[in-house]
Structure formats: structure tokens, C-alpha cells
Amino acid sequence: MSQQVARVDTLFLHEDGDDYRVVVQRDGDRVFHGRLELKQIDAGPRPARLRVIDGTSEELRSPDEFVELARRAGRIRISEQTSVHGRNRLRAMLDAYQLDAKVVRTCRFCARDGRYSPITAETAISADQEEICPDCARERLDKELAYHGSITGDARARLEELLLDVQDLDRIENLLKGELDPDLTKFDEISATVEDVDPVPTSDLSLHPGIQSKLESRFDTLLPVQSLAVANGATDGQDQLVVSATATGKTLVGEMAGLDRALNGKGKLLFLVPLVALANQKYGEFEERYGDIADVTLRVGASRINDDGNRFDPDADIIVGTYEGIDHSLRVGRDLGDIGTVVIDEVHTLGEDERGHRLDGLIARLKYYCRQLSTGDTQWIYLSATVGNPKRLAAALEATLIEFEERPVPIERHVTFAEGREKLNIENKLVRRAFDTKSSKGYRGQTIIFTNSRRRCHEISRKLEYSSAPYHAGLDHKRRKRVEGQFADQELAAVVTTAALAAGVDFPASQVVFDSLAMGIEWLSVQEFHQMLGRAGRPDYHDKGTVYVLVEPDGVYHNSQEMTEDEVAFKLLKGEMESVTTRYDEESAVAETLANITVAGSGAKRLNESMVGEVPTKHALGKLLEYEFIDGLEPTPLGRAVTRHFLSPSDAFAILDGIRKGQDAYDIVARMELRDDER
């Protein structure tokens, strides 16, 4: 034994029942673990028995070996958790051998397991009204995480970082139980930023009197992004890609340019958005704002009658439409008249897997239409709040980049962990807390809750204690308008939605809550995430925006999802904006090439070449011939039906197969709808 412990750094003693644990360390490693019994003689306490502990077995040794260990030790330490009586006995025993000992704070759990772990004010972790070492605190946290489900590296690292920062295990465990401790949930803050731009006075604009007078009655000067756009030719017909955060005034750039040209007889304004909900809102705004100086109409689908009962008027000065609504008009050969300005809102949609290729194709087809039928040069203005590669996208669109990075109000981002059934309780607390608080501008806090399905929208809305409403593309126009009005009048504390609001529907919310980080069965992209959280906080209403990400450890929404929600959360929070790139697989290449042939005939190849994404034209043409969707460079009747209804080849063949088997048409459509029900 003397060779084994020839040099001893620390000998540590800890009371354990009637005995004492003995731990010997050298260079930070344990080289001896035993149990010491004392006996009382006339001269005082002395070593009686020494047992060496090896796993679950104990070996009896001579008590003299303890004395030898103690004399070799560079220092002797007694745990603070040892009773006063126990300390006095140990000191008296050590004094007999002229040995000194110091009482130190140590981790009780380590001492019980035969480890010496001194703790200080800087390292001690509070747990159940005692202090333990960081290693034991992590071990207990791991057990708590195992109870809540598997949790991945980034989430675990975040919780451990918080644990070491606040030094309170109980607070971290409460966080996992849904407690909203703002010091712990706060992930970061995106500061408000102000970019120095010389404002353009509205009186200096040389626009048509109709739009000029309206602008002067509303503003003395343009906002910075508007001033930048005007300084770079927005009102002189210059094509532009305008990239700026939500609520910085991008839309007015397109309004100024398009209305000026329309009122001066240079062609109508075509204002395009990705979703029906957004088109309806823009139509209402334009009708209210400009209805006395221009005719405004709406085109959101295949029918000439919109769901508000109004008839689409292709001769109007302003056409507000969805991408698909205008694309359908092109595919069936309807006349849209002379187009002077095209505004593509939410142009980052080009990067979306499902809709990106359709927008790419629409832009190419619409440019073809304008070259063929418009009398002058059509101006193109593209708007987005989130683009990861703005310079490259501007070059691909042949537009001047106007990039403005100001954020009007700061945004606090919070992360908390909760199982699915706990999320509703947290959402209730957040909605209630926000609505019970007023900003310095006098507005109550209101909340947008994003979730992954229409069904979940209704479920959450029904269970919120404060006034709320679901809001998604499945609601009719009147119901959506009613919700928008109620929210604007502060009659609703919250709206619960899917992707509809992310694309820019104008709800002045102070708070955004992510009930889910999936839309349907697909995880959000960094761009979609930023688009959504950007809805929090408006400069005219709120002092700051607040974002809460509710993360379910190990949570997934479909068995096809390889990542879990806790993995996705930190990927989104830390991730950089993705580049807007349109990617083509076989089905999307076939679909867009067919649409281009339907619109442009032999010019379809040139349209394919002009698109932002790279379309494998030769392969797509081969498939179209194989599917009998085209004959030469003309669509067959089947091809026309497929492209008019925006069918993918697989959907088209599923319908054909069902018809040939004599299946009911409603059953065929129901199966197809059911497949996409959660989207």
C-alpha cells in the first residue's frame, strides 16, 4: 500500500452514519476509497478499523494504514456536511498525530460515492435547499431530461449553460415543467437598428396628382427604404429587388411606382402575393386607400367570381392577385390588358420546395406576356423581408438591389421546453400576460400563435382563456375579414394560424409564439422562421417584440422527419438565412415546361432558359412526350387539363387511374386532399 500511495495530494473525510468515508486523491484522481471507524480511548478518539471499498466489496485493513495515509497527505480536508460532533472527533484524532485539517464545502453526493469535490460560491449549484457540484447537477439534469424524453446536443448544451449561469437546478427543472422564468427562457435579443438615410420629402416627388396628393396628405417624408428606392429610380421605371424587414414600408414602393404609371396611362399595376388571405387584405387596403382614383379588382383563383361575391375586372387599374390566380389566367389565355408595373411580394417564395418553381415559372410567363402584349416596358418590383443571397437574386431577376437593414423595434427571443400537452398552458399564460400589458403607445399586447395544422389552430383557439380566433386559408373571406377587424380593434388577444400570417398579412402583434416548428409535416426553414418571428413588434404600436419558441424534447410531427423539434429549434435560432434558390426535380421541371409550352408554344425553351432555377429542359420535354401531355410543342387536351389545374404528373395519373377503375370522382379528390390535409 505504501508504494500505491507514495504521494498523496488530498485526504478527504466525510461523515457517513457512525463511520467516516475516506477518499485519497493524487493529481485529481482517486487512488483510495475506504471507510474509517473510530474508537474512544482515555486519550481520545483513535482509528479502530479501516475498510478498503472496491465496488460492492470491502476489505479490512490495519488502522495504522490510515495514519500512514494521513501523514503522506499534502492536505487533509473534512466536509462541511459533517456534524459538529463528527468534526470534533476527527480533529481530536488528527491532533493526536500532530496533523491539521481544514473544513471545506463539498458535494454530499460525491462524498457519498467516494469522490472529493470541493465547491465554492462560483461553482456551487443549488438543488433541493442544498449545494452540489456541477457534475452532480448535470447528472440530475440528465435524469430529468430522460423523464421528458431524449433531448439533443444543442438543447442539452443550452440547458447546461443556463444551469452553470444561474447555479440553480430547481429553476432549470421548473423550466422543463413549463415555468416562464424570463431570465432563463431568454435566448437573445435582436436590437433595433437605424440606418442613416436622407429622407425624401413627399413634396419633392413628381408623381401623378392623384397619388401625389394622397402621399402628401399621409406623410411629410418617405421612410428610409422608400427614400432609397426613389433615389435609385423606383418612380422612374427602374426594376428593383427591395429587401427590408417587416413593417419598414416596402409595399409603398410598389404602390407609388405602379399607381403613377397606371394613372399616367402607362399600363395597370399588377400586385401579386402568394396567399389568398394576403391578397384579400391587400385588395381591401387598396380599395379603401385608392378606390376614389383607380379601379381595383381581385384575382385569386380560376373563377371570375371571388369568394366575396365581386366579379374580377381585367380592365381595372389595379389587379391584386395570388400567384396561382394570375398564372391560371395566363395558362388559359385570358387577356390581362396592358401591364405597366408588376409587383411580386414575398419573392423569397422562389426558394420554397413546393411553390418556388411555380413562382419562377409565373415570372417567366408573365414577362413573356408583357413583351408580347404590353405597349411599353413593364417595370418589375420584387419585395421581401428575408433573402440570404440578395445580390445574386437581384442579378438573376435583372433588378437593382435596394437593401435596407433597419429593424424598427427590438425583438426578444425566448426558448422554453414543454411536452405537447403542456404547450397550451404556457400559451395561455403568454397570451394573458401580453394582453394584460399596455405599451407606452397605449396598445395592449396581442399574440400570433403559429402551429402546424388547421385542426390544431381550432384546438388551441378553443382552449385559450382570453378572446382568440383561428385564422387560416380554409376560412371563407367574410370570416377572415371579421378576424382581421377584431384583431385591429384589439377585441382579440390572439390569433392562431398556420403559414398564412407568415407571408405578410398585416396583424400588429406584439408577441409571436411558436406552438410548433413545423408547417404540416415539414420543418420550417431559417427563412420561414425569420419571416414569422418578424411579425412581432410594430413601431407605431409596441416598444418591443417578443418571440417564444415552445420546444418539445424529442418531438416530431411525422415519422418522415429525421430531426427532432429540439434539434430544429437551435438550428433555426442560430442558423443563417438560406439562399433563395429555385430547385427543380423531375415533376416540377415537367410541370413548368408544360405551362411554358401552353403559354408560349415554341418559345417555351427560351422561357425555361430565362428562369431563376436551372430547368432540365431536354429531359422534361422527353417526359412530356412520354406522358402524351404534348404533341410536338403544343399541349394535348390532356396536357391542357393538367396545366390548367396545376396538377403534378403523379396527381394527374392518380386521377386518371381512379377514373379508369370507375372510382367516384369525389372519392379520388378526397384521397388527394387527405394526403395534404396537414399542410
# chains A, B, ... in the order shown; residues from 1 in each chain; ligands from 1
>>> select_by_dssp(residues="segment 523-621 of chain A", states="helix (DSSP H, G or I)", output="count of residues only")
48
>>> residues_around(residues="Leu517 of chain A", least_positions_apart="6", cutoff="9 Å", atoms="only C-alpha atoms", output="PyMOL selection string")
chain A and resi 450-452+523-524+529+549-551+565+568-569
>>> atom_distance(atom1="atom CA of Phe271 of chain A", atom2="atom CA of Arg538 of chain A")
23.6 Å
>>> residues_around(residues="Gln226 of chain A", least_positions_apart="3", cutoff="7 Å", atoms="only C-alpha atoms", output="MDAnalysis selection string")
chainID A and resid 222:223 229:230 249:250 253
>>> write_last_selection(atoms="all heavy atoms", output="mmCIF file, in the first residue's frame")
data_model
loop_
_atom_site.group_PDB
_atom_site.id
_atom_site.type_symbol
_atom_site.label_atom_id
_atom_site.label_comp_id
_atom_site.auth_asym_id
_atom_site.auth_seq_id
_atom_site.Cartn_x
_atom_site.Cartn_y
_atom_site.Cartn_z
ATOM 1 N N LEU A 222 -40.797 60.383 -46.932
ATOM 2 C CA LEU A 222 -40.841 58.937 -47.106
ATOM 3 C C LEU A 222 -39.989 58.265 -46.036
ATOM 4 O O LEU A 222 -39.040 58.861 -45.503
ATOM 5 C CB LEU A 222 -40.320 58.549 -48.484
ATOM 6 C CG LEU A 222 -41.122 59.038 -49.692
ATOM 7 C CD1 LEU A 222 -40.431 58.612 -50.983
ATOM 8 C CD2 LEU A 222 -42.553 58.521 -49.657
ATOM 9 N N LEU A 223 -40.326 57.015 -45.743
ATOM 10 C CA LEU A 223 -39.494 56.226 -44.840
ATOM 11 C C LEU A 223 -38.172 55.887 -45.522
ATOM 12 O O LEU A 223 -38.051 55.989 -46.752
ATOM 13 C CB LEU A 223 -40.230 54.945 -44.443
ATOM 14 C CG LEU A 223 -41.482 55.141 -43.573
ATOM 15 C CD1 LEU A 223 -42.217 53.813 -43.392
ATOM 16 C CD2 LEU A 223 -41.122 55.728 -42.221
ATOM 17 N N ALA A 229 -35.333 53.612 -52.403
ATOM 18 C CA ALA A 229 -35.891 53.109 -53.658
ATOM 19 C C ALA A 229 -36.132 54.244 -54.646
ATOM 20 O O ALA A 229 -35.808 54.132 -55.839
ATOM 21 C CB ALA A 229 -37.193 52.357 -53.380
ATOM 22 N N VAL A 230 -36.692 55.352 -54.176
ATOM 23 C CA VAL A 230 -36.944 56.502 -55.057
ATOM 24 C C VAL A 230 -35.632 57.072 -55.574
ATOM 25 O O VAL A 230 -35.500 57.405 -56.760
ATOM 26 C CB VAL A 230 -37.761 57.577 -54.303
ATOM 27 C CG1 VAL A 230 -37.764 58.890 -55.086
ATOM 28 C CG2 VAL A 230 -39.182 57.094 -54.081
ATOM 29 N N GLY A 249 -42.039 49.516 -44.604
ATOM 30 C CA GLY A 249 -42.663 50.318 -45.657
ATOM 31 C C GLY A 249 -42.356 49.901 -47.076
ATOM 32 O O GLY A 249 -42.492 50.721 -47.995
ATOM 33 N N LYS A 250 -41.985 48.635 -47.301
ATOM 34 C CA LYS A 250 -41.641 48.180 -48.656
ATOM 35 C C LYS A 250 -42.809 48.310 -49.629
ATOM 36 O O LYS A 250 -42.629 48.682 -50.787
ATOM 37 C CB LYS A 250 -41.208 46.705 -48.624
ATOM 38 C CG LYS A 250 -39.976 46.405 -47.850
ATOM 39 C CD LYS A 250 -39.586 44.950 -47.978
ATOM 40 C CE LYS A 250 -40.631 44.020 -47.415
ATOM 41 N NZ LYS A 250 -40.820 44.150 -45.968
ATOM 42 N N VAL A 253 -43.399 51.257 -51.953
ATOM 43 C CA VAL A 253 -42.528 51.433 -53.123
ATOM 44 C C VAL A 253 -43.266 50.977 -54.382
ATOM 45 O O VAL A 253 -43.309 51.675 -55.396
ATOM 46 C CB VAL A 253 -41.210 50.642 -52.944
ATOM 47 C CG1 VAL A 253 -40.361 50.739 -54.212
ATOM 48 C CG2 VAL A 253 -40.431 51.158 -51.737
#
>>> residues_around(residues="His542 of chain A", least_positions_apart="6", cutoff="10 Å", atoms="only C-alpha atoms", output="PyMOL selection string")
chain A and resi 408-410+438-446+508-511+536
>>> closest_atom_pairs(of="segment 52-163 of chain A", to="segment 7-17 of chain A", cutoff="8 Å", atoms="only C-alpha atoms", output="Markdown table")
| residue | atom | partner | partner_atom | distance |
| --- | --- | --- | --- | --- |
| A:Leu69 | CA | A:Val8 | CA | 7.5 |
| A:Ala70 | CA | A:Leu11 | CA | 6.6 |
| A:Arg72 | CA | A:Val8 | CA | 5.8 |
| A:Ala73 | CA | A:Val8 | CA | 4.6 |
| A:Gly74 | CA | A:Asp9 | CA | 4.9 |
| A:Arg75 | CA | A:Thr10 | CA | 5.1 |
| A:Ile76 | CA | A:Leu11 | CA | 4.8 |
| A:Arg77 | CA | A:Phe12 | CA | 4.8 |
| A:Ile78 | CA | A:Leu13 | CA | 4.9 |
| A:Ser79 | CA | A:His14 | CA | 5.3 |
| A:Gln81 | CA | A:His14 | CA | 7.5 |
| A:Thr82 | CA | A:Glu15 | CA | 5.1 |
| A:Ser83 | CA | A:Glu15 | CA | 7.4 |
| A:Gly86 | CA | A:Glu15 | CA | 6.7 |
| A:Ala111 | CA | A:His14 | CA | 6.5 |
| A:Arg112 | CA | A:Asp16 | CA | 7.5 |
| A:Tyr116 | CA | A:Phe12 | CA | 6.5 |
>>> select_by_dssp(residues="segment 100-230 of chain A", states="strand (DSSP E)", output="count of residues only")
14
>>> atom_distance(atom1="atom CA of Phe646 of chain A", atom2="atom CA of His530 of chain A")
28.9 Å
